[in-house]
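Shown next: model.pdb, containing PDB, C-alpha atoms and all ligand atoms.
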ATOM      1  CA  MET Z   1    -211.514 -10.592 153.589  1.00  0.00           C
ATOM      2  CA  ALA Z   2    -212.413 -11.332 150.020  1.00  0.00           C
ATOM      3  CA  ILE Z   3    -212.183 -14.943 149.041  1.00  0.00           C
ATOM      4  CA  LYS Z   4    -212.561 -15.301 145.295  1.00  0.00           C
ATOM      5  CA  ILE Z   5    -213.621 -18.271 143.215  1.00  0.00           C
ATOM      6  CA  ILE Z   6    -210.619 -20.115 141.807  1.00  0.00           C
ATOM      7  CA  ARG Z   7    -211.059 -20.653 138.085  1.00  0.00           C
ATOM      8  CA  GLN Z   8    -210.782 -24.248 136.971  1.00  0.00           C
ATOM      9  CA  GLU Z   9    -209.136 -25.783 133.928  1.00  0.00           C
ATOM     10  CA  GLY Z  10    -211.303 -25.209 130.865  1.00  0.00           C
ATOM     11  CA  ASP Z  11    -211.949 -21.583 131.835  1.00  0.00           C
ATOM     12  CA  PRO Z  12    -210.463 -19.569 128.942  1.00  0.00           C
ATOM     13  CA  VAL Z  13    -209.044 -16.943 131.338  1.00  0.00           C
ATOM     14  CA  LEU Z  14    -206.395 -19.488 132.405  1.00  0.00           C
ATOM     15  CA  ARG Z  15    -205.075 -19.619 128.840  1.00  0.00           C
ATOM     16  CA  GLN Z  16    -204.724 -15.895 128.231  1.00  0.00           C
ATOM     17  CA  LYS Z  17    -201.678 -13.711 128.713  1.00  0.00           C
ATOM     18  CA  ALA Z  18    -201.951 -11.340 131.670  1.00  0.00           C
ATOM     19  CA  LYS Z  19    -201.167  -7.621 131.204  1.00  0.00           C
ATOM     20  CA  PRO Z  20    -198.327  -5.793 132.963  1.00  0.00           C
ATOM     21  CA  ILE Z  21    -199.379  -3.528 135.827  1.00  0.00           C
ATOM     22  CA  PRO Z  22    -198.238   0.040 135.059  1.00  0.00           C
ATOM     23  CA  GLU Z  23    -198.520   1.260 138.644  1.00  0.00           C
ATOM     24  CA  VAL Z  24    -199.253  -0.287 142.049  1.00  0.00           C
ATOM     25  CA  THR Z  25    -202.497   1.512 142.902  1.00  0.00           C
ATOM     26  CA  PRO Z  26    -204.879   0.826 145.822  1.00  0.00           C
ATOM     27  CA  ASN Z  27    -206.835  -1.424 143.437  1.00  0.00           C
ATOM     28  CA  ILE Z  28    -203.721  -3.511 142.837  1.00  0.00           C
ATOM     29  CA  GLN Z  29    -203.069  -3.679 146.585  1.00  0.00           C
ATOM     30  CA  LYS Z  30    -206.630  -4.959 146.982  1.00  0.00           C
ATOM     31  CA  LEU Z  31    -205.958  -7.555 144.266  1.00  0.00           C
ATOM     32  CA  LEU Z  32    -202.891  -8.755 146.222  1.00  0.00           C
ATOM     33  CA  THR Z  33    -204.985  -8.992 149.398  1.00  0.00           C
ATOM     34  CA  ASP Z  34    -207.718 -10.933 147.571  1.00  0.00           C
ATOM     35  CA  LEU Z  35    -205.093 -13.321 146.191  1.00  0.00           C
ATOM     36  CA  ALA Z  36    -203.626 -13.938 149.658  1.00  0.00           C
ATOM     37  CA  ASP Z  37    -207.066 -14.360 151.279  1.00  0.00           C
ATOM     38  CA  THR Z  38    -208.062 -16.822 148.559  1.00  0.00           C
ATOM     39  CA  LEU Z  39    -204.749 -18.701 148.805  1.00  0.00           C
ATOM     40  CA  TYR Z  40    -204.923 -19.097 152.597  1.00  0.00           C
ATOM     41  CA  ASP Z  41    -208.555 -20.195 152.383  1.00  0.00           C
ATOM     42  CA  THR Z  42    -207.420 -23.253 150.381  1.00  0.00           C
ATOM     43  CA  GLN Z  43    -205.351 -24.660 153.298  1.00  0.00           C
ATOM     44  CA  ASN Z  44    -203.023 -26.586 150.980  1.00  0.00           C
ATOM     45  CA  GLY Z  45    -202.122 -23.995 148.330  1.00  0.00           C
ATOM     46  CA  ILE Z  46    -198.659 -22.423 148.197  1.00  0.00           C
ATOM     47  CA  GLY Z  47    -199.197 -19.923 145.403  1.00  0.00           C
ATOM     48  CA  LEU Z  48    -201.865 -18.167 143.380  1.00  0.00           C
ATOM     49  CA  ALA Z  49    -201.779 -15.993 140.276  1.00  0.00           C
ATOM     50  CA  ALA Z  50    -204.292 -13.266 139.376  1.00  0.00           C
ATOM     51  CA  PRO Z  51    -205.647 -15.072 136.271  1.00  0.00           C
ATOM     52  CA  GLN Z  52    -206.731 -17.891 138.606  1.00  0.00           C
ATOM     53  CA  ILE Z  53    -209.255 -15.488 140.132  1.00  0.00           C
ATOM     54  CA  GLY Z  54    -210.210 -14.172 136.704  1.00  0.00           C
ATOM     55  CA  ILE Z  55    -208.002 -11.057 136.658  1.00  0.00           C
ATOM     56  CA  LEU Z  56    -205.662 -10.800 133.657  1.00  0.00           C
ATOM     57  CA  LYS Z  57    -202.999  -8.736 135.414  1.00  0.00           C
ATOM     58  CA  ARG Z  58    -199.428  -9.735 136.255  1.00  0.00           C
ATOM     59  CA  ALA Z  59    -199.644 -10.312 140.013  1.00  0.00           C
ATOM     60  CA  ILE Z  60    -198.901 -13.424 142.071  1.00  0.00           C
ATOM     61  CA  VAL Z  61    -198.713 -14.427 145.719  1.00  0.00           C
ATOM     62  CA  VAL Z  62    -196.550 -17.221 147.080  1.00  0.00           C
ATOM     63  CA  ASP Z  63    -196.129 -18.726 150.544  1.00  0.00           C
ATOM     64  CA  VAL Z  64    -194.123 -21.925 150.809  1.00  0.00           C
ATOM     65  CA  GLY Z  65    -193.994 -21.636 154.603  1.00  0.00           C
ATOM     66  CA  GLN Z  66    -191.492 -18.794 154.774  1.00  0.00           C
ATOM     67  CA  GLY Z  67    -194.063 -15.982 154.762  1.00  0.00           C
ATOM     68  CA  LEU Z  68    -196.157 -14.271 152.130  1.00  0.00           C
ATOM     69  CA  LEU Z  69    -194.549 -12.888 148.979  1.00  0.00           C
ATOM     70  CA  GLU Z  70    -196.640 -10.461 146.952  1.00  0.00           C
ATOM     71  CA  LEU Z  71    -195.159  -9.857 143.509  1.00  0.00           C
ATOM     72  CA  VAL Z  72    -196.290  -7.461 140.796  1.00  0.00           C
ATOM     73  CA  ASN Z  73    -194.899  -7.885 137.250  1.00  0.00           C
ATOM     74  CA  PRO Z  74    -192.592 -10.741 138.360  1.00  0.00           C
ATOM     75  CA  GLU Z  75    -189.843 -11.551 135.885  1.00  0.00           C
ATOM     76  CA  VAL Z  76    -187.186 -14.261 136.048  1.00  0.00           C
ATOM     77  CA  ILE Z  77    -183.805 -12.564 135.651  1.00  0.00           C
ATOM     78  CA  HIS Z  78    -181.597 -15.549 136.482  1.00  0.00           C
ATOM     79  CA  SER Z  79    -182.035 -19.295 136.758  1.00  0.00           C
ATOM     80  CA  GLU Z  80    -179.685 -22.187 137.355  1.00  0.00           C
ATOM     81  CA  GLY Z  81    -179.679 -25.909 137.919  1.00  0.00           C
ATOM     82  CA  GLU Z  82    -182.514 -28.368 137.470  1.00  0.00           C
ATOM     83  CA  GLN Z  83    -185.026 -30.202 139.621  1.00  0.00           C
ATOM     84  CA  VAL Z  84    -187.719 -32.727 138.807  1.00  0.00           C
ATOM     85  CA  GLY Z  85    -190.575 -33.052 141.255  1.00  0.00           C
ATOM     86  CA  PRO Z  86    -194.316 -33.394 141.684  1.00  0.00           C
ATOM     87  CA  GLU Z  87    -196.506 -30.389 140.990  1.00  0.00           C
ATOM     88  CA  GLY Z  88    -200.186 -29.665 141.397  1.00  0.00           C
ATOM     89  CA  CYS Z  89    -202.422 -26.654 140.850  1.00  0.00           C
ATOM     90  CA  LEU Z  90    -205.456 -25.123 142.556  1.00  0.00           C
ATOM     91  CA  SER Z  91    -207.035 -24.803 139.095  1.00  0.00           C
ATOM     92  CA  LEU Z  92    -206.647 -28.547 138.454  1.00  0.00           C
ATOM     93  CA  PRO Z  93    -207.678 -30.079 141.789  1.00  0.00           C
ATOM     94  CA  GLY Z  94    -206.312 -33.516 142.546  1.00  0.00           C
ATOM     95  CA  LEU Z  95    -204.139 -33.665 139.460  1.00  0.00           C
ATOM     96  CA  SER Z  96    -200.376 -33.911 139.738  1.00  0.00           C
ATOM     97  CA  GLY Z  97    -197.398 -34.640 137.576  1.00  0.00           C
ATOM     98  CA  GLU Z  98    -193.622 -34.488 137.483  1.00  0.00           C
ATOM     99  CA  VAL Z  99    -192.230 -31.204 136.182  1.00  0.00           C
ATOM    100  CA  LEU Z 100    -188.671 -30.214 135.318  1.00  0.00           C
ATOM    101  CA  ARG Z 101    -187.871 -26.755 136.682  1.00  0.00           C
ATOM    102  CA  ALA Z 102    -184.780 -24.695 137.395  1.00  0.00           C
ATOM    103  CA  TYR Z 103    -183.401 -25.430 140.868  1.00  0.00           C
ATOM    104  CA  LYS Z 104    -182.714 -21.811 141.693  1.00  0.00           C
ATOM    105  CA  VAL Z 105    -184.220 -18.591 140.323  1.00  0.00           C
ATOM    106  CA  THR Z 106    -183.915 -14.884 140.893  1.00  0.00           C
ATOM    107  CA  VAL Z 107    -187.090 -12.927 140.245  1.00  0.00           C
ATOM    108  CA  LYS Z 108    -187.426  -9.186 139.889  1.00  0.00           C
ATOM    109  CA  ALA Z 109    -190.799  -7.635 140.766  1.00  0.00           C
ATOM    110  CA  LEU Z 110    -192.573  -4.745 142.430  1.00  0.00           C
ATOM    111  CA  ASN Z 111    -193.865  -5.157 145.969  1.00  0.00           C
ATOM    112  CA  ARG Z 112    -197.182  -3.817 147.270  1.00  0.00           C
ATOM    113  CA  ASN Z 113    -195.566  -0.419 147.824  1.00  0.00           C
ATOM    114  CA  GLY Z 114    -194.471  -0.229 144.201  1.00  0.00           C
ATOM    115  CA  GLU Z 115    -190.808  -0.715 145.146  1.00  0.00           C
ATOM    116  CA  GLU Z 116    -188.553  -2.885 143.002  1.00  0.00           C
ATOM    117  CA  ILE Z 117    -187.415  -6.041 144.793  1.00  0.00           C
ATOM    118  CA  THR Z 118    -185.513  -9.188 143.850  1.00  0.00           C
ATOM    119  CA  ILE Z 119    -186.214 -12.589 145.379  1.00  0.00           C
ATOM    120  CA  THR Z 120    -183.887 -15.563 145.083  1.00  0.00           C
ATOM    121  CA  GLY Z 121    -185.410 -18.945 145.800  1.00  0.00           C
ATOM    122  CA  GLU Z 122    -184.250 -22.546 145.643  1.00  0.00           C
ATOM    123  CA  GLY Z 123    -186.093 -25.838 145.565  1.00  0.00           C
ATOM    124  CA  LEU Z 124    -189.801 -25.534 146.330  1.00  0.00           C
ATOM    125  CA  LEU Z 125    -189.761 -21.718 146.317  1.00  0.00           C
ATOM    126  CA  ALA Z 126    -188.144 -21.658 142.856  1.00  0.00           C
ATOM    127  CA  ARG Z 127    -190.671 -24.227 141.622  1.00  0.00           C
ATOM    128  CA  CYS Z 128    -193.602 -22.266 143.014  1.00  0.00           C
ATOM    129  CA  LEU Z 129    -192.395 -18.929 141.579  1.00  0.00           C
ATOM    130  CA  LEU Z 130    -191.954 -20.491 138.127  1.00  0.00           C
ATOM    131  CA  HIS Z 131    -195.362 -22.199 138.302  1.00  0.00           C
ATOM    132  CA  GLU Z 132    -197.131 -18.937 139.229  1.00  0.00           C
ATOM    133  CA  ILE Z 133    -195.266 -16.869 136.621  1.00  0.00           C
ATOM    134  CA  ASP Z 134    -196.312 -19.477 134.022  1.00  0.00           C
ATOM    135  CA  HIS Z 135    -199.950 -18.722 134.915  1.00  0.00           C
ATOM    136  CA  LEU Z 136    -199.361 -15.109 133.819  1.00  0.00           C
ATOM    137  CA  ASP Z 137    -198.528 -16.433 130.354  1.00  0.00           C
ATOM    138  CA  GLY Z 138    -201.458 -18.858 130.163  1.00  0.00           C
ATOM    139  CA  VAL Z 139    -199.241 -21.885 130.828  1.00  0.00           C
ATOM    140  CA  LEU Z 140    -200.375 -24.740 133.108  1.00  0.00           C
ATOM    141  CA  PHE Z 141    -198.071 -27.321 134.732  1.00  0.00           C
ATOM    142  CA  THR Z 142    -199.654 -30.042 132.618  1.00  0.00           C
ATOM    143  CA  ASP Z 143    -198.116 -28.338 129.548  1.00  0.00           C
ATOM    144  CA  ARG Z 144    -194.673 -28.897 131.041  1.00  0.00           C
ATOM    145  CA  ALA Z 145    -195.120 -32.209 132.864  1.00  0.00           C
ATOM    146  CA  LEU Z 146    -192.926 -35.105 131.814  1.00  0.00           C
ATOM    147  CA  PRO Z 147    -194.829 -37.390 129.427  1.00  0.00           C
ATOM    148  CA  GLY Z 148    -196.876 -40.064 131.173  1.00  0.00           C
ATOM    149  CA  THR Z 149    -196.567 -38.570 134.658  1.00  0.00           C
ATOM    150  CA  VAL Z 150    -199.872 -36.676 134.954  1.00  0.00           C
ATOM    151  CA  GLY Z 151    -202.703 -38.276 136.862  1.00  0.00           C
ATOM    152  CA  PHE Z 152    -205.030 -38.154 139.861  1.00  0.00           C
ATOM    153  CA  GLY Z 153    -203.790 -39.083 143.330  1.00  0.00           C
ATOM    154  CA  SER Z 154    -202.672 -42.683 143.694  1.00  0.00           C
ATOM    155  CA  ASP Z 155    -203.592 -43.406 140.078  1.00  0.00           C
ATOM    156  CA  ARG Z 156    -200.813 -41.142 138.929  1.00  0.00           C
ATOM    157  CA  PRO Z 157    -198.233 -43.025 136.902  1.00  0.00           C
ATOM    158  CA  ARG Z 158    -194.928 -43.222 138.778  1.00  0.00           C
ATOM    159  CA  LYS Z 159    -191.679 -42.534 137.105  1.00  0.00           C
ATOM    160  CA  LYS Z 160    -189.522 -45.616 136.940  1.00  0.00           C
ATOM    161  CA  LYS Z 161    -186.118 -45.243 138.516  1.00  0.00           C
TER     162      LYS Z 161
HETATM  163 ZN    ZN Z 201    -201.316 -23.316 139.392  1.00  0.00          ZN
END

Please go through the file and, once you have read it, give me the structure as structure tokens.
Ligand code: ZN
Amino acid sequence: MAIKIIRQEGDPVLRQKAKPIPEVTPNIQKLLTDLADTLYDTQNGIGLAAPQIGILKRAIVVDVGQGLLELVNPEVIHSEGEQVGPEGCLSLPGLSGEVLRAYKVTVKALNRNGEEITITGEGLLARCLLHEIDHLDGVLFTDRALPGTVGFGSDRPRKKK
């Protein structure tokens, strides 16, 4: 077990572009394990990207309740539809906002064995994949949130119907 410190907004590492991983080595497998250990330690997190633990490499883990996905060099190869829903982030505790995302995405990546895989996800899984891939490009959900929807807990402005 290696639970890492989750970097918080304001840490410059969250705003940098992560580097592609040329090969899935034992060190990268350890990075994936650290990401999963750190994610599960949060209780409420559903995804974590390597820059959030200070590592500028393109690796993410996601678990929206359907099991752990470990993705190296994830890349969106197809997206369709739209969804608007609330989003939060382990690097911005307590903050949430409404974000427009694709409803369905297909992501190509390498798994922990270095094999190429594709994952298709809808709804929350699509949202989570897109959120984590954004982290690899230094993008936070607050950059994408609909104007006037970002706030803390019950103080968050509600979208009018
Ligand atoms: Zn996040």

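Between atom CA of Z:Leu68 and atom CA of Z:Glu82 the separation is 24.5 Å.
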
List the residues selected by the PyMOL selection byres (((chain Z and resi 20) around 6) and not hetatm) in the file shown, writing them as a compact mmCIF listing (two decimals) with C-alpha atoms, keeping the file's coordinate frame.
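Written file, selection.txt:
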# COMPACT_ATOMS: atom_id res chain seq x y z
CA LYS Z 19 -201.17 -7.62 131.20
CA ILE Z 21 -199.38 -3.53 135.83
CA ARG Z 58 -199.43 -9.74 136.26
CA ASN Z 73 -194.90 -7.88 137.25

request  = Enumerate residues in contact with ligand ZN 201 (chain Z): an atom-to-atom distance of at most 8 Å, counting all atoms listed in the file. Format the result as an MDAnalysis selection string.
outcome  = chainID Z and resid 47:49 52 88:92 131:132 135 140:141

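Among the candidates Z:Val72, Z:Ala18, Z:Val24, Z:Leu35, the one nearest to Z:Lys4 when counting all atoms listed in the file is Z:Leu35.
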
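Here, the PyMOL selection byres (((chain Z and resi 115) around 12) and not hetatm) matches Glu23, Val24, Glu70, Leu71, Val72, Asn73, Lys108, Ala109, Leu110, Asn111, Arg112, Asn113, Gly114, Glu116, Ile117 and Thr118 of chain Z.
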
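Interatomic distance, atom CA of Z:Ala59 to atom CA of Z:Leu130: 12.9 Å.
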
ask   = Mind pulling up the distance from atom CA of Z:Ile28 to atom CA of Z:Asn44?
value = 24.5 Å

Top pick for closest residue to Z:Gly10, considering Z:Gly148, Z:Pro22, Z:Gly138, Z:Gly123 and counting all atoms listed in the file = Z:Gly138

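Counting all atoms listed in the file and comparing Z:Val150, Z:Leu129, Z:Leu136, Z:Ile77, the residue that lies closest to Z:Val61 is Z:Leu129.
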
query = Could you pull the residues within 7 Å of Z:Val105, counting all atoms listed in the file, minus those fewer than 2 positions along the same chain, as a PyMOL selection string?
reply = chain Z and resi 76+78-80+102-103+107+120-122+126

For stretch 111-128 of chain Z, where the input has fewer atoms than it should, I would like N, CA, C and O atoms rebuilt and written as a PDB file, keeping the file's coordinate frame.
ATOM      1  N   ASN Z 111    -193.098  -4.729 144.797  1.00  0.00           N
ATOM      2  CA  ASN Z 111    -193.865  -5.157 145.969  1.00  0.00           C
ATOM      3  C   ASN Z 111    -195.143  -4.316 146.085  1.00  0.00           C
ATOM      4  O   ASN Z 111    -195.445  -3.510 145.203  1.00  0.00           O
ATOM      5  N   ARG Z 112    -195.895  -4.506 147.166  1.00  0.00           N
ATOM      6  CA  ARG Z 112    -197.182  -3.817 147.270  1.00  0.00           C
ATOM      7  C   ARG Z 112    -197.039  -2.306 147.467  1.00  0.00           C
ATOM      8  O   ARG Z 112    -198.015  -1.566 147.365  1.00  0.00           O
ATOM      9  N   ASN Z 113    -195.796  -1.865 147.738  1.00  0.00           N
ATOM     10  CA  ASN Z 113    -195.566  -0.419 147.824  1.00  0.00           C
ATOM     11  C   ASN Z 113    -195.026   0.155 146.520  1.00  0.00           C
ATOM     12  O   ASN Z 113    -194.664   1.330 146.463  1.00  0.00           O
ATOM     13  N   GLY Z 114    -194.959  -0.705 145.499  1.00  0.00           N
ATOM     14  CA  GLY Z 114    -194.471  -0.229 144.201  1.00  0.00           C
ATOM     15  C   GLY Z 114    -192.962  -0.158 144.124  1.00  0.00           C
ATOM     16  O   GLY Z 114    -192.416   0.399 143.172  1.00  0.00           O
ATOM     17  N   GLU Z 115    -192.276  -0.729 145.135  1.00  0.00           N
ATOM     18  CA  GLU Z 115    -190.808  -0.715 145.146  1.00  0.00           C
ATOM     19  C   GLU Z 115    -190.269  -1.948 144.426  1.00  0.00           C
ATOM     20  O   GLU Z 115    -190.835  -3.041 144.553  1.00  0.00           O
ATOM     21  N   GLU Z 116    -189.155  -1.754 143.700  1.00  0.00           N
ATOM     22  CA  GLU Z 116    -188.553  -2.885 143.002  1.00  0.00           C
ATOM     23  C   GLU Z 116    -187.816  -3.778 143.994  1.00  0.00           C
ATOM     24  O   GLU Z 116    -187.045  -3.288 144.823  1.00  0.00           O
ATOM     25  N   ILE Z 117    -188.078  -5.077 143.912  1.00  0.00           N
ATOM     26  CA  ILE Z 117    -187.415  -6.041 144.793  1.00  0.00           C
ATOM     27  C   ILE Z 117    -186.896  -7.200 143.947  1.00  0.00           C
ATOM     28  O   ILE Z 117    -187.361  -7.418 142.829  1.00  0.00           O
ATOM     29  N   THR Z 118    -185.913  -7.926 144.481  1.00  0.00           N
ATOM     30  CA  THR Z 118    -185.513  -9.188 143.850  1.00  0.00           C
ATOM     31  C   THR Z 118    -185.566 -10.272 144.918  1.00  0.00           C
ATOM     32  O   THR Z 118    -185.196 -10.059 146.073  1.00  0.00           O
ATOM     33  N   ILE Z 119    -186.069 -11.424 144.503  1.00  0.00           N
ATOM     34  CA  ILE Z 119    -186.214 -12.589 145.379  1.00  0.00           C
ATOM     35  C   ILE Z 119    -185.400 -13.715 144.761  1.00  0.00           C
ATOM     36  O   ILE Z 119    -185.548 -13.986 143.571  1.00  0.00           O
ATOM     37  N   THR Z 120    -184.566 -14.367 145.566  1.00  0.00           N
ATOM     38  CA  THR Z 120    -183.887 -15.563 145.083  1.00  0.00           C
ATOM     39  C   THR Z 120    -184.424 -16.753 145.867  1.00  0.00           C
ATOM     40  O   THR Z 120    -184.481 -16.708 147.097  1.00  0.00           O
ATOM     41  N   GLY Z 121    -184.848 -17.773 145.146  1.00  0.00           N
ATOM     42  CA  GLY Z 121    -185.410 -18.945 145.800  1.00  0.00           C
ATOM     43  C   GLY Z 121    -184.846 -20.218 145.207  1.00  0.00           C
ATOM     44  O   GLY Z 121    -184.521 -20.269 144.019  1.00  0.00           O
ATOM     45  N   GLU Z 122    -184.731 -21.225 146.067  1.00  0.00           N
ATOM     46  CA  GLU Z 122    -184.250 -22.546 145.643  1.00  0.00           C
ATOM     47  C   GLU Z 122    -185.339 -23.572 145.919  1.00  0.00           C
ATOM     48  O   GLU Z 122    -186.216 -23.357 146.755  1.00  0.00           O
ATOM     49  N   GLY Z 123    -185.214 -24.709 145.253  1.00  0.00           N
ATOM     50  CA  GLY Z 123    -186.093 -25.838 145.565  1.00  0.00           C
ATOM     51  C   GLY Z 123    -187.557 -25.477 145.381  1.00  0.00           C
ATOM     52  O   GLY Z 123    -187.958 -24.946 144.336  1.00  0.00           O
ATOM     53  N   LEU Z 124    -188.360 -25.735 146.416  1.00  0.00           N
ATOM     54  CA  LEU Z 124    -189.801 -25.534 146.330  1.00  0.00           C
ATOM     55  C   LEU Z 124    -190.161 -24.081 146.009  1.00  0.00           C
ATOM     56  O   LEU Z 124    -191.092 -23.825 145.236  1.00  0.00           O
ATOM     57  N   LEU Z 125    -189.443 -23.136 146.588  1.00  0.00           N
ATOM     58  CA  LEU Z 125    -189.761 -21.718 146.317  1.00  0.00           C
ATOM     59  C   LEU Z 125    -189.529 -21.393 144.845  1.00  0.00           C
ATOM     60  O   LEU Z 125    -190.352 -20.723 144.212  1.00  0.00           O
ATOM     61  N   ALA Z 126    -188.415 -21.882 144.282  1.00  0.00           N
ATOM     62  CA  ALA Z 126    -188.144 -21.658 142.856  1.00  0.00           C
ATOM     63  C   ALA Z 126    -189.251 -22.286 142.012  1.00  0.00           C
ATOM     64  O   ALA Z 126    -189.772 -21.671 141.082  1.00  0.00           O
ATOM     65  N   ARG Z 127    -189.619 -23.515 142.358  1.00  0.00           N
ATOM     66  CA  ARG Z 127    -190.671 -24.227 141.622  1.00  0.00           C
ATOM     67  C   ARG Z 127    -191.978 -23.453 141.664  1.00  0.00           C
ATOM     68  O   ARG Z 127    -192.664 -23.279 140.650  1.00  0.00           O
ATOM     69  N   CYS Z 128    -192.331 -22.975 142.842  1.00  0.00           N
ATOM     70  CA  CYS Z 128    -193.602 -22.266 143.014  1.00  0.00           C
ATOM     71  C   CYS Z 128    -193.597 -20.937 142.242  1.00  0.00           C
ATOM     72  O   CYS Z 128    -194.570 -20.599 141.560  1.00  0.00           O
TER      73      CYS Z 128
END
